[in-house]
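Note: the block below is my_file.cif and it holds mmCIF, C-alpha atoms.
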```cif
data_run
loop_
_atom_site.group_PDB
_atom_site.id
_atom_site.type_symbol
_atom_site.label_atom_id
_atom_site.label_comp_id
_atom_site.auth_asym_id
_atom_site.auth_seq_id
_atom_site.Cartn_x
_atom_site.Cartn_y
_atom_site.Cartn_z
ATOM 1 C CA THR R 3 92.823 123.384 88.829
ATOM 2 C CA GLN R 4 93.591 122.961 85.117
ATOM 3 C CA TRP R 5 97.124 124.283 85.628
ATOM 4 C CA LEU R 6 97.626 121.962 88.592
ATOM 5 C CA THR R 7 96.434 118.965 86.584
ATOM 6 C CA GLU R 8 98.822 119.759 83.741
ATOM 7 C CA ASN R 9 101.898 120.799 85.768
ATOM 8 C CA SER R 10 101.904 119.208 89.221
ATOM 9 C CA TRP R 11 104.059 116.311 88.003
ATOM 10 C CA ARG R 12 106.841 118.770 87.156
ATOM 11 C CA TYR R 13 107.170 119.445 90.886
ATOM 12 C CA GLY R 14 106.865 115.828 92.010
ATOM 13 C CA PHE R 15 103.121 115.690 92.734
ATOM 14 C CA ILE R 16 100.406 113.441 91.305
ATOM 15 C CA GLN R 17 96.654 113.594 91.633
ATOM 16 C CA ARG R 18 96.133 110.693 93.985
ATOM 17 C CA TYR R 19 92.615 109.653 92.968
ATOM 18 C CA PRO R 20 92.032 110.712 89.338
ATOM 19 C CA LYS R 21 88.587 110.768 87.768
ATOM 20 C CA GLY R 22 87.537 107.448 86.256
ATOM 21 C CA THR R 23 89.973 105.293 88.250
ATOM 22 C CA GLU R 24 87.669 104.251 91.076
ATOM 23 C CA GLU R 25 87.967 100.546 90.229
ATOM 24 C CA ILE R 26 91.763 100.766 90.373
ATOM 25 C CA THR R 27 92.259 102.993 93.429
ATOM 26 C CA GLY R 28 89.206 101.962 95.422
ATOM 27 C CA TYR R 29 88.304 105.608 96.015
ATOM 28 C CA SER R 30 86.074 108.093 94.250
ATOM 29 C CA TRP R 31 87.550 111.056 92.414
ATOM 30 C CA HIS R 32 89.178 113.594 94.741
ATOM 31 C CA PRO R 33 90.184 116.617 92.636
ATOM 32 C CA TRP R 34 91.913 118.213 95.639
ATOM 33 C CA HIS R 35 94.013 115.226 96.734
ATOM 34 C CA TYR R 36 97.619 115.422 95.538
ATOM 35 C CA ARG R 37 100.542 113.333 96.767
ATOM 36 C CA PHE R 38 104.261 114.043 96.586
ATOM 37 C CA VAL R 39 106.106 111.114 94.978
ATOM 38 C CA GLY R 40 109.172 112.894 93.607
ATOM 39 C CA GLU R 41 109.810 114.361 90.188
ATOM 40 C CA ALA R 42 111.002 111.171 88.483
ATOM 41 C CA VAL R 43 108.085 109.018 89.651
ATOM 42 C CA ALA R 44 105.539 111.773 89.020
ATOM 43 C CA GLY R 45 106.918 112.233 85.502
ATOM 44 C CA SER R 46 106.628 108.516 84.789
ATOM 45 C CA ILE R 47 103.089 108.293 86.147
ATOM 46 C CA PHE R 48 102.056 111.366 84.158
ATOM 47 C CA SER R 49 103.633 110.257 80.883
ATOM 48 C CA LEU R 50 102.201 106.742 81.167
ATOM 49 C CA GLY R 51 98.783 108.061 82.204
ATOM 50 C CA ILE R 52 98.464 105.582 85.070
ATOM 51 C CA THR R 53 97.609 105.648 88.768
ATOM 52 C CA LEU R 54 100.009 105.181 91.663
ATOM 53 C CA GLU R 55 98.597 101.671 92.173
ATOM 54 C CA GLU R 56 99.372 100.774 88.575
ATOM 55 C CA TYR R 57 102.855 102.257 88.821
ATOM 56 C CA LEU R 58 103.623 100.320 91.992
ATOM 57 C CA SER R 59 102.323 97.106 90.459
ATOM 58 C CA LEU R 60 105.094 97.399 87.861
ATOM 59 C CA PHE R 61 107.580 96.773 90.671
ATOM 60 C CA TYR R 62 105.631 95.017 93.414
ATOM 61 C CA SER R 63 103.431 92.365 91.851
ATOM 62 C CA ASP R 64 103.473 88.593 91.607
ATOM 63 C CA GLU R 65 104.703 88.920 88.030
ATOM 64 C CA ALA R 66 107.556 91.306 88.880
ATOM 65 C CA GLN R 67 110.871 89.568 89.373
ATOM 66 C CA VAL R 68 114.390 90.671 90.048
ATOM 67 C CA VAL R 69 117.109 88.404 88.720
ATOM 68 C CA TYR R 70 120.567 88.668 90.238
ATOM 69 C CA ASP R 71 123.669 87.430 88.517
ATOM 70 C CA ARG R 72 126.253 86.901 91.239
ATOM 71 C CA ASP R 73 129.094 85.648 89.032
#
```
Output the file's structure in the form of structure tokens.
Amino acid sequence: TQWLTENSWRYGFIQRYPKGTEEITGYSWHPWHYRFVGEAVAGSIFSLGITLEEYLSLFYSDEAQVVYDRD
């Protein structure tokens, strides 16, 4: 499992419910639960050291805004 923890992101997978993130994910640690999110997203989540919920909140939260300039 050590190899999987260190390398799964290279193939587009993240550990869905990492240890110590119960308050964020709402689920206890599941060392066997991996989710495919694509290589780019998995790389970002891995390098930032965050959960999928935290990653998604960067784009889909009350604070997130998209500003369009139509000129």
* Near range 26-38 of chain R, within 6 Å and counting only C-alpha atoms, which residues show up once chain neighbours fewer than 4 positions away are dropped, as a list in words? -> Gly14, Phe15, Ile16, Gln17, Arg18, Tyr19, Pro20 and Lys21 of chain R
* Asked: Which is closest to Ser49 in chain R among R:Glu8, R:Tyr13, R:Glu25, R:Phe61, if we use all atoms listed in the file?
  -> R:Glu8
Return the padded bounding box of range 43-59 of chain R as lines of an AutoDock Vina configuration file: axis-aligned, built from all atoms listed in the file, 6 Å added on each side, with centre and edge lengths in Å to one decimal.
```
center_x = 102.8
center_y = 104.7
center_z = 86.5
size_x = 22.5
size_y = 27.1
size_z = 23.3
```
* CA of Thr7 in chain R and CA of Thr53 in chain R are how many Å apart? -> 13.5 Å
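The space separating CA of Trp5 in chain R from CA of Gly45 in chain R comes to 15.5 Å.
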So that I can look at just that part, could you write range 28-40 of chain R with all heavy atoms, as a CSV table (one decimal), in the first residue's frame?
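Result file result_38.csv:
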```csv
chain,number,residue,atom,x,y,z
R,28,GLY,N,-16.2,13.5,6.0
R,28,GLY,CA,-17.4,13.0,6.7
R,28,GLY,C,-17.4,11.4,6.8
R,28,GLY,O,-18.3,10.8,7.2
R,29,TYR,N,-16.2,10.9,6.4
R,29,TYR,CA,-16.1,9.4,6.4
R,29,TYR,C,-14.8,9.1,7.1
R,29,TYR,O,-13.8,9.8,7.1
R,29,TYR,CB,-16.0,8.8,5.0
R,29,TYR,CG,-17.3,8.9,4.3
R,29,TYR,CD1,-17.6,10.0,3.5
R,29,TYR,CD2,-18.3,7.9,4.4
R,29,TYR,CE1,-18.9,10.1,2.9
R,29,TYR,CE2,-19.5,7.9,3.8
R,29,TYR,CZ,-19.8,9.0,3.0
R,29,TYR,OH,-21.0,9.1,2.4
R,30,SER,N,-14.8,7.9,7.8
R,30,SER,CA,-13.5,7.4,8.4
R,30,SER,C,-12.5,7.0,7.3
R,30,SER,O,-12.9,6.8,6.2
R,30,SER,CB,-13.8,6.3,9.4
R,30,SER,OG,-14.4,5.2,8.7
R,31,TRP,N,-11.3,6.8,7.7
R,31,TRP,CA,-10.2,6.4,6.8
R,31,TRP,C,-10.5,5.1,6.2
R,31,TRP,O,-10.9,4.1,6.8
R,31,TRP,CB,-8.9,6.3,7.7
R,31,TRP,CG,-7.7,5.8,6.9
R,31,TRP,CD1,-7.3,6.3,5.7
R,31,TRP,CD2,-6.8,4.8,7.3
R,31,TRP,NE1,-6.2,5.6,5.3
R,31,TRP,CE2,-5.8,4.7,6.3
R,31,TRP,CE3,-6.7,4.0,8.4
R,31,TRP,CZ2,-4.8,3.9,6.4
R,31,TRP,CZ3,-5.6,3.2,8.5
R,31,TRP,CH2,-4.7,3.1,7.5
R,32,HIS,N,-10.4,5.1,4.9
R,32,HIS,CA,-10.6,3.9,4.1
R,32,HIS,C,-9.3,3.7,3.2
R,32,HIS,O,-9.2,4.2,2.1
R,32,HIS,CB,-11.8,4.0,3.1
R,32,HIS,CG,-13.1,4.0,3.8
R,32,HIS,ND1,-14.1,5.0,3.5
R,32,HIS,CD2,-13.7,3.2,4.7
R,32,HIS,CE1,-15.1,4.8,4.3
R,32,HIS,NE2,-14.9,3.7,5.0
R,33,PRO,N,-8.4,2.9,3.7
R,33,PRO,CA,-7.1,2.8,3.0
R,33,PRO,C,-7.3,2.1,1.6
R,33,PRO,O,-6.4,2.2,0.8
R,33,PRO,CB,-6.3,1.9,3.9
R,33,PRO,CG,-7.2,1.2,4.8
R,33,PRO,CD,-8.4,2.1,4.9
R,34,TRP,N,-8.4,1.4,1.4
R,34,TRP,CA,-8.6,0.7,0.1
R,34,TRP,C,-9.4,1.5,-0.9
R,34,TRP,O,-9.5,1.0,-2.0
R,34,TRP,CB,-9.3,-0.6,0.4
R,34,TRP,CG,-10.5,-0.4,1.3
R,34,TRP,CD1,-10.5,-0.6,2.7
R,34,TRP,CD2,-11.8,0.1,1.0
R,34,TRP,NE1,-11.7,-0.2,3.2
R,34,TRP,CE2,-12.6,0.2,2.2
R,34,TRP,CE3,-12.4,0.4,-0.2
R,34,TRP,CZ2,-13.9,0.6,2.2
R,34,TRP,CZ3,-13.7,0.8,-0.2
R,34,TRP,CH2,-14.4,0.9,1.0
R,35,HIS,N,-9.9,2.6,-0.5
R,35,HIS,CA,-10.8,3.3,-1.4
R,35,HIS,C,-10.1,4.4,-2.2
R,35,HIS,O,-9.7,5.4,-1.7
R,35,HIS,CB,-11.9,4.0,-0.5
R,35,HIS,CG,-13.1,4.5,-1.4
R,35,HIS,ND1,-14.3,4.5,-0.9
R,35,HIS,CD2,-13.2,5.0,-2.6
R,35,HIS,CE1,-15.2,4.9,-1.8
R,35,HIS,NE2,-14.5,5.3,-2.8
R,36,TYR,N,-9.9,4.1,-3.5
R,36,TYR,CA,-9.3,5.0,-4.4
R,36,TYR,C,-10.3,5.4,-5.5
R,36,TYR,O,-11.2,4.7,-5.8
R,36,TYR,CB,-8.1,4.4,-5.1
R,36,TYR,CG,-6.9,4.4,-4.2
R,36,TYR,CD1,-6.7,3.5,-3.2
R,36,TYR,CD2,-5.9,5.4,-4.3
R,36,TYR,CE1,-5.7,3.6,-2.3
R,36,TYR,CE2,-4.8,5.4,-3.5
R,36,TYR,CZ,-4.7,4.5,-2.5
R,36,TYR,OH,-3.6,4.6,-1.6
R,37,ARG,N,-10.2,6.6,-6.0
R,37,ARG,CA,-11.1,7.2,-7.0
R,37,ARG,C,-10.3,7.7,-8.2
R,37,ARG,O,-9.3,8.4,-8.0
R,37,ARG,CB,-11.9,8.3,-6.3
R,37,ARG,CG,-12.8,9.1,-7.2
R,37,ARG,CD,-14.1,8.6,-7.4
R,37,ARG,NE,-14.7,8.1,-6.2
R,37,ARG,CZ,-15.9,7.7,-6.1
R,37,ARG,NH1,-16.7,7.7,-7.2
R,37,ARG,NH2,-16.4,7.2,-5.0
R,38,PHE,N,-10.8,7.4,-9.4
R,38,PHE,CA,-10.1,8.0,-10.6
R,38,PHE,C,-10.7,9.4,-10.8
R,38,PHE,O,-11.9,9.6,-10.9
R,38,PHE,CB,-10.4,7.1,-11.8
R,38,PHE,CG,-9.7,7.7,-13.0
R,38,PHE,CD1,-8.4,7.5,-13.2
R,38,PHE,CD2,-10.4,8.4,-13.9
R,38,PHE,CE1,-7.7,8.0,-14.3
R,38,PHE,CE2,-9.8,8.9,-15.1
R,38,PHE,CZ,-8.4,8.7,-15.3
R,39,VAL,N,-9.8,10.4,-10.8
R,39,VAL,CA,-10.1,11.8,-11.1
R,39,VAL,C,-9.4,12.4,-12.3
R,39,VAL,O,-9.6,13.5,-12.6
R,39,VAL,CB,-9.9,12.7,-9.8
R,39,VAL,CG1,-10.9,12.3,-8.7
R,39,VAL,CG2,-8.5,12.6,-9.4
R,40,GLY,N,-8.5,11.6,-12.9
R,40,GLY,CA,-7.7,12.1,-14.0
R,40,GLY,C,-6.3,12.5,-13.5
R,40,GLY,O,-6.2,12.9,-12.3
```
